[in-house]
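Visitor: Coordinates in structure-v8.txt, compact mmCIF, C-alpha atoms, are listed below.
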```txt
# COMPACT_ATOMS: atom_id res chain seq x y z
CA MET A 1 49.88 219.69 55.05
CA VAL A 2 46.15 220.07 55.49
CA GLU A 3 44.99 219.69 59.05
CA ASP A 4 41.27 219.18 59.61
CA LYS A 5 41.08 220.83 63.00
CA PRO A 6 39.66 224.08 64.40
CA SER A 7 41.38 227.34 63.67
CA HIS A 8 40.19 230.93 63.59
CA GLU A 9 43.54 232.29 62.43
CA THR A 10 44.08 233.98 59.08
CA SER A 11 47.02 233.48 56.72
CA ARG A 12 50.36 233.68 58.47
CA GLY A 13 53.95 232.51 58.14
CA SER A 14 56.01 230.35 60.44
CA LYS A 15 59.47 228.81 60.33
CA PHE A 16 59.51 225.13 59.41
CA LEU A 17 62.81 223.29 58.86
CA GLY A 18 64.50 226.62 58.12
CA CYS A 19 61.92 227.68 55.52
CA GLU A 20 58.97 230.01 55.72
CA MET A 21 55.84 227.90 56.08
CA ARG A 22 52.72 229.81 55.02
CA GLU A 23 49.58 228.85 56.86
CA HIS A 24 45.99 229.57 55.79
CA ALA A 25 42.86 229.01 57.86
CA ILE A 26 39.99 227.65 55.75
CA ALA A 27 36.36 227.35 56.78
CA ALA A 28 34.79 224.43 54.93
CA ILE A 29 30.99 224.42 54.58
CA PRO A 30 30.13 221.26 52.61
CA GLY A 31 26.40 222.05 52.71
CA ASP A 32 23.81 219.92 50.96
CA GLY A 33 23.42 217.21 48.33
CA ILE A 34 26.67 216.49 46.50
CA GLY A 35 28.34 219.38 48.33
CA PRO A 36 29.95 217.13 50.97
CA GLU A 37 31.16 214.74 48.24
CA VAL A 38 32.93 217.35 46.13
CA ILE A 39 34.28 219.37 49.06
CA ALA A 40 35.78 216.17 50.51
CA ALA A 41 37.41 215.57 47.13
CA GLY A 42 38.73 219.12 47.05
CA LEU A 43 40.20 218.93 50.54
CA GLU A 44 41.88 215.61 49.74
CA VAL A 45 43.50 217.09 46.64
CA LEU A 46 44.53 220.22 48.53
CA GLN A 47 46.22 218.04 51.15
CA VAL A 48 48.26 216.24 48.50
CA LEU A 49 49.12 219.55 46.85
CA ALA A 50 50.25 221.15 50.12
CA GLN A 51 52.42 218.15 50.96
CA LYS A 52 53.96 218.23 47.48
CA ASP A 53 54.56 221.99 47.63
CA GLY A 54 56.03 221.97 51.13
CA ASN A 55 55.78 225.74 51.58
CA PHE A 56 52.22 226.14 52.80
CA ARG A 57 49.58 224.32 54.75
CA LEU A 58 45.86 224.75 55.24
CA ARG A 59 44.19 224.46 58.61
CA VAL A 60 40.60 223.50 57.99
CA GLU A 61 37.56 223.71 60.22
CA THR A 62 34.36 222.16 58.89
CA PHE A 63 30.99 223.72 59.69
CA PRO A 64 27.92 221.43 59.39
CA TRP A 65 25.57 224.18 58.25
CA GLY A 66 22.88 223.67 55.62
CA SER A 67 19.48 222.04 55.20
CA ASP A 68 20.03 219.27 57.74
CA TYR A 69 21.10 221.89 60.27
CA TYR A 70 17.95 223.85 59.41
CA LYS A 71 15.71 220.85 60.04
CA LYS A 72 17.21 220.46 63.52
CA HIS A 73 17.57 224.10 64.55
CA GLY A 74 15.19 226.14 62.37
CA VAL A 75 18.05 228.20 60.89
CA MET A 76 20.62 227.46 58.17
CA MET A 77 23.49 228.61 60.39
CA PRO A 78 23.73 229.86 63.98
CA GLY A 79 23.23 233.51 64.83
CA ASP A 80 26.94 234.04 65.38
CA GLY A 81 27.84 232.29 62.13
CA LEU A 82 29.33 235.31 60.40
CA GLU A 83 31.35 236.22 63.46
CA ARG A 84 32.76 232.69 63.59
CA LEU A 85 33.72 232.85 59.90
CA ARG A 86 35.23 236.31 60.07
CA ALA A 87 38.67 235.19 61.26
CA PHE A 88 39.29 232.73 58.41
CA SER A 89 41.38 233.34 55.31
CA ALA A 90 38.75 231.89 52.97
CA ILE A 91 35.54 229.86 52.89
CA TYR A 92 35.28 226.68 50.81
CA PHE A 93 31.59 226.14 50.14
CA GLY A 94 29.86 223.09 48.66
CA ALA A 95 26.21 223.64 47.81
CA VAL A 96 22.93 224.66 49.37
CA GLY A 97 19.39 223.46 48.76
CA ALA A 98 17.13 220.52 49.55
CA PRO A 99 13.92 219.17 48.00
CA ASP A 100 11.99 219.47 51.26
CA VAL A 101 13.13 222.99 52.23
CA PRO A 102 12.00 226.06 50.23
CA ASP A 103 14.79 227.36 48.02
CA HIS A 104 14.48 230.92 49.27
CA VAL A 105 15.00 229.67 52.83
CA THR A 106 18.18 227.78 52.02
CA LEU A 107 19.64 230.46 49.75
CA TRP A 108 18.95 233.48 51.94
CA GLY A 109 19.71 231.59 55.13
CA LEU A 110 23.24 230.59 54.19
CA ARG A 111 24.89 231.47 50.89
CA LEU A 112 23.44 234.95 50.43
CA ALA A 113 23.74 235.64 54.14
CA ILE A 114 27.48 235.09 53.84
CA CYS A 115 27.91 236.93 50.52
CA GLN A 116 26.01 240.00 51.68
CA GLY A 117 27.22 239.86 55.26
CA PHE A 118 30.84 239.96 54.09
CA ASP A 119 30.18 242.33 51.18
CA GLN A 120 31.56 239.86 48.66
CA TYR A 121 30.44 242.13 45.89
CA VAL A 122 32.34 240.43 43.07
CA ASN A 123 31.22 237.05 41.80
CA LEU A 124 33.90 235.84 39.42
CA ARG A 125 33.20 232.96 37.03
CA PRO A 126 35.91 231.83 34.61
CA THR A 127 34.73 229.72 31.70
CA ARG A 128 36.78 227.88 29.12
CA ILE A 129 36.89 224.51 27.41
CA LEU A 130 39.31 222.37 29.38
CA GLN A 131 41.75 220.01 27.67
CA GLY A 132 40.00 216.83 26.57
CA LEU A 133 36.50 218.30 26.75
CA SER A 134 34.28 219.50 23.93
CA SER A 135 31.54 222.08 23.62
CA PRO A 136 28.03 221.28 22.43
CA LEU A 137 28.57 224.12 19.97
CA ARG A 138 29.45 222.80 16.53
CA ASP A 139 33.02 223.64 15.46
CA CYS A 140 33.79 225.43 18.74
CA LYS A 141 37.45 224.89 19.64
CA PRO A 142 38.98 225.44 23.12
CA GLY A 143 40.50 228.77 22.16
CA ASP A 144 37.15 230.03 20.87
CA LEU A 145 35.62 229.99 24.35
CA ASP A 146 37.73 231.55 27.07
CA TRP A 147 35.63 233.98 29.07
CA MET A 148 35.66 235.70 32.44
CA ILE A 149 32.22 236.64 33.73
CA VAL A 150 32.03 239.32 36.41
CA ARG A 151 28.74 239.30 38.31
CA GLU A 152 27.65 242.08 40.62
CA ASN A 153 27.04 240.13 43.81
CA SER A 154 25.62 242.46 46.45
CA GLU A 155 22.56 244.31 45.11
CA GLY A 156 20.51 244.49 41.92
CA GLU A 157 17.72 241.99 41.44
CA TYR A 158 18.85 239.96 44.47
CA ALA A 159 18.79 242.84 46.93
CA GLY A 160 15.96 241.13 48.80
CA LEU A 161 13.67 244.14 48.91
CA GLY A 162 9.98 243.68 48.23
CA GLY A 163 6.94 242.10 49.77
CA ARG A 164 3.51 240.54 49.40
CA ALA A 165 0.11 241.85 50.33
CA HIS A 166 -3.45 240.49 50.35
CA ARG A 167 -2.16 236.93 50.46
CA GLY A 168 -4.54 234.35 49.05
CA SER A 169 -6.99 236.86 47.66
CA PRO A 170 -7.60 237.62 43.97
CA GLU A 171 -5.95 241.00 44.63
CA GLU A 172 -2.73 239.49 45.98
CA VAL A 173 0.33 241.39 44.89
CA ALA A 174 4.04 240.61 45.11
CA THR A 175 6.88 243.05 44.51
CA GLU A 176 10.58 242.39 43.98
CA THR A 177 12.60 245.58 43.87
CA ALA A 178 15.96 245.72 42.12
CA ILE A 179 18.33 248.15 43.81
CA PHE A 180 21.22 249.77 41.95
CA THR A 181 23.47 252.25 43.73
CA ARG A 182 26.12 254.46 42.20
CA ARG A 183 28.68 253.02 44.61
CA GLY A 184 27.70 249.45 43.83
CA VAL A 185 27.62 249.80 40.05
CA THR A 186 30.79 251.89 39.90
CA ARG A 187 32.87 249.47 41.95
CA ILE A 188 31.82 246.38 39.97
CA MET A 189 32.34 248.23 36.69
CA ARG A 190 35.81 249.39 37.74
CA PHE A 191 36.70 245.85 38.83
CA ALA A 192 35.58 244.49 35.45
CA PHE A 193 37.54 247.08 33.47
CA LYS A 194 40.67 246.39 35.53
CA LEU A 195 40.26 242.67 34.96
CA ALA A 196 39.78 243.14 31.22
CA GLN A 197 42.85 245.40 31.19
CA ARG A 198 44.98 242.56 32.63
CA ARG A 199 43.77 240.00 30.09
CA PRO A 200 45.54 239.74 26.73
CA ARG A 201 42.60 240.85 24.58
CA LYS A 202 41.64 243.84 26.76
CA LEU A 203 38.02 243.41 25.71
CA LEU A 204 34.95 243.98 27.92
CA THR A 205 31.26 243.53 27.17
CA VAL A 206 28.77 245.33 29.43
CA VAL A 207 25.46 243.46 29.54
CA THR A 208 22.21 245.19 30.50
CA LYS A 209 18.56 245.37 29.43
CA SER A 210 18.33 249.11 29.07
CA ASN A 211 15.75 249.12 26.29
CA ALA A 212 13.06 247.76 28.62
CA GLN A 213 14.43 248.62 32.06
CA ARG A 214 14.75 252.33 31.53
CA HIS A 215 15.91 253.33 35.00
CA GLY A 216 18.32 250.88 36.59
CA MET A 217 19.77 249.56 33.35
CA VAL A 218 20.20 252.97 31.76
CA PHE A 219 21.99 253.85 35.01
CA TRP A 220 24.34 250.90 34.38
CA ASP A 221 25.01 252.06 30.84
CA GLU A 222 25.81 255.60 31.98
CA ILE A 223 28.21 254.48 34.70
CA ALA A 224 29.91 252.08 32.28
CA ALA A 225 30.61 254.99 29.95
CA GLU A 226 31.97 257.07 32.84
CA VAL A 227 34.31 254.35 34.11
CA ALA A 228 35.47 253.50 30.59
CA LYS A 229 37.18 256.90 30.41
CA GLU A 230 39.65 255.64 33.03
CA PHE A 231 40.63 252.66 30.84
CA ARG A 232 41.43 253.99 27.38
CA ASP A 233 43.33 250.81 26.49
CA VAL A 234 40.26 248.59 27.04
CA THR A 235 37.90 248.05 24.12
CA TRP A 236 34.35 247.75 25.35
CA ASP A 237 30.88 247.29 23.95
CA LYS A 238 27.32 246.94 25.21
CA MET A 239 24.84 244.13 24.68
CA LEU A 240 21.25 243.55 25.72
CA VAL A 241 21.09 240.37 27.77
CA ASP A 242 18.85 238.52 25.32
CA ALA A 243 21.13 239.40 22.42
CA MET A 244 24.10 238.31 24.54
CA THR A 245 22.77 234.75 24.77
CA THR A 246 22.69 234.64 20.97
CA ARG A 247 26.22 236.00 20.74
CA MET A 248 27.52 233.46 23.27
CA VAL A 249 26.13 230.62 21.17
CA GLY A 250 26.78 232.05 17.70
CA LYS A 251 30.04 234.01 18.09
CA PRO A 252 31.83 232.76 21.22
CA SER A 253 35.26 233.89 20.01
CA SER A 254 34.05 237.52 19.95
CA ILE A 255 33.76 237.53 23.75
CA ASP A 256 36.40 237.83 26.46
CA THR A 257 35.33 239.58 29.71
CA ILE A 258 31.68 240.15 30.62
CA VAL A 259 30.15 242.26 33.37
CA ALA A 260 26.47 242.08 34.24
CA THR A 261 23.95 242.44 37.05
CA ASN A 262 23.34 239.87 39.75
CA LEU A 263 20.46 238.19 37.88
CA HIS A 264 21.73 238.52 34.32
CA ALA A 265 25.22 237.21 35.09
CA ASP A 266 23.77 234.39 37.17
CA ILE A 267 21.87 233.15 34.12
CA LEU A 268 24.61 233.86 31.57
CA SER A 269 27.26 232.04 33.61
CA ASP A 270 25.16 228.86 33.73
CA LEU A 271 24.78 229.05 29.96
CA ALA A 272 28.54 229.59 29.69
CA ALA A 273 29.26 226.50 31.80
CA ALA A 274 26.96 224.38 29.65
CA LEU A 275 28.63 225.66 26.48
CA ALA A 276 32.03 224.74 27.96
CA GLY A 277 30.89 221.16 28.57
CA SER A 278 29.04 220.83 31.88
CA LEU A 279 27.83 222.68 34.98
CA GLY A 280 29.91 220.13 36.87
CA ILE A 281 33.20 221.75 35.89
CA ALA A 282 32.42 225.41 36.59
CA PRO A 283 33.91 227.31 39.55
CA THR A 284 33.07 230.62 41.16
CA ALA A 285 34.62 233.02 43.61
CA ASN A 286 32.62 235.41 45.81
CA VAL A 287 35.23 238.03 46.49
CA ASP A 288 35.72 241.04 48.72
CA PRO A 289 38.51 242.70 46.68
CA GLU A 290 39.45 244.94 49.60
CA ARG A 291 40.00 241.85 51.79
CA ARG A 292 38.11 243.26 54.74
CA PHE A 293 36.37 239.90 55.11
CA PRO A 294 37.03 236.32 53.97
CA SER A 295 36.04 235.53 50.40
CA MET A 296 34.03 232.41 49.56
CA PHE A 297 34.74 229.86 46.83
CA GLU A 298 32.21 227.37 45.46
CA PRO A 299 31.40 225.24 42.41
CA ILE A 300 28.28 226.50 40.66
CA HIS A 301 26.51 223.18 40.10
CA GLY A 302 24.26 223.24 43.17
CA ALA A 303 23.16 220.42 45.43
CA ALA A 304 22.15 218.01 42.61
CA PHE A 305 20.07 215.69 44.81
CA ASP A 306 19.31 213.49 41.80
CA ILE A 307 22.86 212.10 41.92
CA THR A 308 23.63 212.53 45.63
CA GLY A 309 25.23 209.43 47.13
CA LYS A 310 25.80 207.72 43.77
CA GLY A 311 29.51 208.52 43.72
CA ILE A 312 29.37 210.09 40.26
CA ALA A 313 29.42 213.81 41.11
CA ASN A 314 32.01 215.64 39.04
CA PRO A 315 34.69 217.02 41.39
CA ILE A 316 36.28 219.23 38.70
CA GLY A 317 34.12 222.24 39.58
CA ALA A 318 35.23 222.01 43.21
CA LEU A 319 38.88 221.53 42.17
CA TRP A 320 38.85 224.49 39.80
CA THR A 321 37.22 226.43 42.63
CA ALA A 322 40.17 225.42 44.84
CA VAL A 323 42.46 226.88 42.17
CA LEU A 324 40.69 230.23 42.52
CA MET A 325 40.97 230.00 46.31
CA LEU A 326 44.69 229.24 46.22
CA ASP A 327 45.28 232.14 43.85
CA HIS A 328 43.37 234.46 46.19
CA LEU A 329 45.50 233.25 49.10
CA GLY A 330 48.65 234.15 47.19
CA GLU A 331 49.62 230.53 46.44
CA LYS A 332 49.86 231.16 42.71
CA GLU A 333 52.35 228.41 41.89
CA ALA A 334 50.25 225.85 43.73
CA ALA A 335 47.15 227.10 41.92
CA LEU A 336 48.93 226.63 38.59
CA ARG A 337 50.05 223.11 39.52
CA LEU A 338 46.52 222.13 40.50
CA MET A 339 45.03 223.49 37.27
CA GLN A 340 47.67 221.63 35.27
CA ALA A 341 46.84 218.42 37.14
CA VAL A 342 43.10 218.88 36.52
CA GLU A 343 43.66 219.36 32.80
CA ARG A 344 45.97 216.36 32.60
CA VAL A 345 43.09 214.28 33.92
CA THR A 346 40.43 215.81 31.68
CA ALA A 347 42.77 215.39 28.69
CA SER A 348 43.21 211.70 29.56
CA GLY A 349 39.54 211.02 28.91
CA LEU A 350 38.70 210.11 32.50
CA HIS A 351 35.28 211.79 32.66
CA THR A 352 32.26 211.53 34.94
CA PRO A 353 28.80 210.85 33.41
CA ASP A 354 27.92 214.55 33.03
CA LEU A 355 30.79 214.72 30.53
CA GLY A 356 29.76 211.54 28.76
CA GLY A 357 32.10 209.21 30.65
CA LYS A 358 31.77 206.50 33.27
CA ALA A 359 34.29 207.60 35.88
CA THR A 360 33.37 208.01 39.53
CA THR A 361 34.11 210.91 41.84
CA ARG A 362 36.70 208.73 43.55
CA GLU A 363 38.46 207.82 40.31
CA VAL A 364 38.76 211.41 39.11
CA THR A 365 39.93 212.62 42.52
CA SER A 366 42.59 209.91 42.74
CA ALA A 367 43.76 210.67 39.21
CA VAL A 368 44.21 214.36 40.03
CA CYS A 369 46.14 213.44 43.18
CA ASP A 370 48.39 211.18 41.09
CA ALA A 371 48.89 213.94 38.51
CA ILE A 372 50.01 216.31 41.27
CA GLN A 373 52.52 213.78 42.56
CA LEU A 374 53.96 213.30 39.07
CA ALA A 375 53.87 216.93 38.03
CA ASN A 376 56.84 219.13 37.34
CA ALA A 377 57.00 222.89 37.19
CA LEU A 378 56.44 223.06 33.44
CA MET A 379 53.25 224.51 32.00
CA PHE A 380 50.77 221.93 30.73
```
Let me see the structure of the file written as structure tokens.
Guide:
Amino acid sequence: MVEDKPSHETSRGSKFLGCEMREHAIAAIPGDGIGPEVIAAGLEVLQVLAQKDGNFRLRVETFPWGSDYYKKHGVMMPGDGLERLRAFSAIYFGAVGAPDVPDHVTLWGLRLAICQGFDQYVNLRPTRILQGLSSPLRDCKPGDLDWMIVRENSEGEYAGLGGRAHRGSPEEVATETAIFTRRGVTRIMRFAFKLAQRRPRKLLTVVTKSNAQRHGMVFWDEIAAEVAKEFRDVTWDKMLVDAMTTRMVGKPSSIDTIVATNLHADILSDLAAALAGSLGIAPTANVDPERRFPSMFEPIHGAAFDITGKGIANPIGALWTAVLMLDHLGEKEAALRLMQAVERVTASGLHTPDLGGKATTREVTSAVCDAIQLANALMF
């Protein structure tokens, strides 16, 4: 069962009624806007799933960090925030951002502080058309769009290096320096090739902008070619990021796994989510593959203050995110059951307004809980 009480313990096993009960400590950070709404939905569904499974439980501690915390304390999270999170198995994150707090303050004060502080250098964003949903692309069928986007998550254009001088004067200058290291590019490239190798099509597209960015992006291209020699069974190609947007729209079935820089993959993954139906359904995982630190799981839709409190936020993104979290925790059967339940609900036509329906957050959440209760072990 899911217990909403403090715990700084990582995954562990214990005997319960003669069986091995696996226990995972989860740090929940609901954050801002619709974040608390969708994270509450996710935790409710996870509780039902854990009770149905009977072999694992999640012990959840909720941290009230975000824009409201900033307005009271002047920081997005306390100074010992990372140390407090370090002992958890995973972090379940809602959203960050507020209309009355500068975006760079909220982003760098919380989400990026966690990602970079825990060296979560892989940002993994699966994209596909779920059962019952349709793409805005004409004639695009579910099987035509089934992508895995790998985003370098620790350096590049979001390294945070730069500055401003001569503020307010006509000579004011601002610099934003993209940092690419051999270690950083090699490890994300190797991760992407390994991922592509495990997928049926064994196809990887490396996205850069090496015609215009002749240093960092040429560096990416060179390292991609070096790493490719280790994966002879993976077919790979290169695309300029602007051409990639055209390919995603015009030839979606030609794509399988994508790897790109922090900025480029950030943009491409939002486009991918829109092409799959809605930003409201898209999940992401910020992963430390070496498991030195907890990884963080979040829907990509953001705080969405325009619909906050209306009860219509789509919880599917948070639920698919929970699937990624369960898989990372080793609860693969539970992850499969949850994904099956989600797709049973999307296939039923029960959709929130972002998908063209009239369902509420509550209705979709309850329907997924019911689908879990009725589910069997068969694939959907």
Visitor: Using Å and a single decimal, report how far CA of Asp327 in chain A sits from CA of Lys52 in chain A.
Guide: 16.8 Å
Visitor: Expressed in Å to a single decimal, how great is the separation between CA of Leu195 in chain A and CA of Trp147 in chain A?
Guide: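 So the two atoms, CA of Leu195 in chain A and CA of Trp147 in chain A, lie 11.5 Å apart.
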Visitor: Counting only C-alpha atoms, which residue out of A:Asp146, A:Asp370, A:Glu157, A:Glu333 sits closest to Ala276 in chain A?
Guide: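 Of all the options, A:Asp146 lies closest to Ala276 in chain A.
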Visitor: Go ahead and compute the interatomic distance for CA of Arg183 in chain A and CA of Asp221 in chain A, in Å to one decimal.
Guide: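 If I compute the distance from CA of Arg183 in chain A to CA of Asp221 in chain A, I get 14.3 Å.
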Visitor: Here is a test: counting all atoms listed in the file, which residue of A:Leu133, A:Leu268, A:Val207, A:Cys140 is nearest to Leu355 in chain A?
Guide: A:Leu133
Visitor: Env of Pro289 in chain A: 9 Å cut, atoms = all atoms listed in the file, seq-sep filter 5 positions within chain, self excluded. Answer as a list in words.
Guide: Gln120, Tyr121, Val122, Phe191 and Ser295 of chain A
Visitor: Any idea what's packed within 9 Å of Phe193 in chain A, counting all atoms listed in the file, ignoring anything in its chain fewer than 4 positions away? Could you give it as a PyMOL selection string?
Guide: chain A and resi 188-189+197-198+202-204+227-228+230-231+234+236+257+259
Visitor: I want to know what sits within 8 Å of Pro64 in chain A, based on only C-alpha atoms, with residues of the same chain fewer than 4 positions away left out; could you give that as a ChimeraX atom specification?
Guide: /A:29-31,69
Visitor: Measuring between all atoms listed in the file, which one of A:Glu155, A:Arg86, A:Gly280, A:Arg128 shows the shortest distance to Ala304 in chain A?
Guide: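 The shortest atom-to-atom distance to Ala304 in chain A comes from A:Gly280.
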Visitor: Which one of A:Gly156, A:Gly277, A:Gly216, A:Pro294 sits closest to Leu82 in chain A if you count all atoms listed in the file?
Guide: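 Between A:Gly156, A:Gly277, A:Gly216, A:Pro294, the residue approaching Leu82 in chain A most closely is A:Pro294.
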Visitor: With a distance cut-off of 6 Å and only C-alpha atoms, select the neighbouring residues of range 305-311 of chain A, excluding the residue or stretch itself and same-chain residues fewer than 3 positions from it, and output the selection as a VMD selection string.
Guide: chain A and resid 33 to 34 360 to 361
Visitor: If you count all atoms listed in the file, which residues fall within 9 Å of Phe297 in chain A, apart from same-chain ones fewer than 2 positions away, as a list of chain:residue names?
Guide: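 Near neighbours after the sequence-gap exclusion: A:Ala90, A:Ile91, A:Tyr92, A:Phe93, A:Gly94, A:Pro283, A:Thr284, A:Ala285, A:Asn286, A:Val287, A:Ser295, A:Pro299, A:Ala318, A:Thr321, A:Ala322, A:Leu324, A:Met325.
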Visitor: Restricting the calculation to only C-alpha atoms: of A:Asp237, A:Thr177, A:Tyr70, A:Gly143, which residue gets closest to Arg164 in chain A?
Guide: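 For Arg164 in chain A, the nearest of the candidates is A:Thr177.
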Visitor: Go through A:Glu83, A:Glu363, A:Asp354, A:Asp288 one by one, measure the shortest atom-to-atom distance of each to His328 in chain A using only C-alpha atoms, and give the residue with the smallest value.
Guide: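 Ranked by minimum distance to His328 in chain A, first place goes to A:Asp288.
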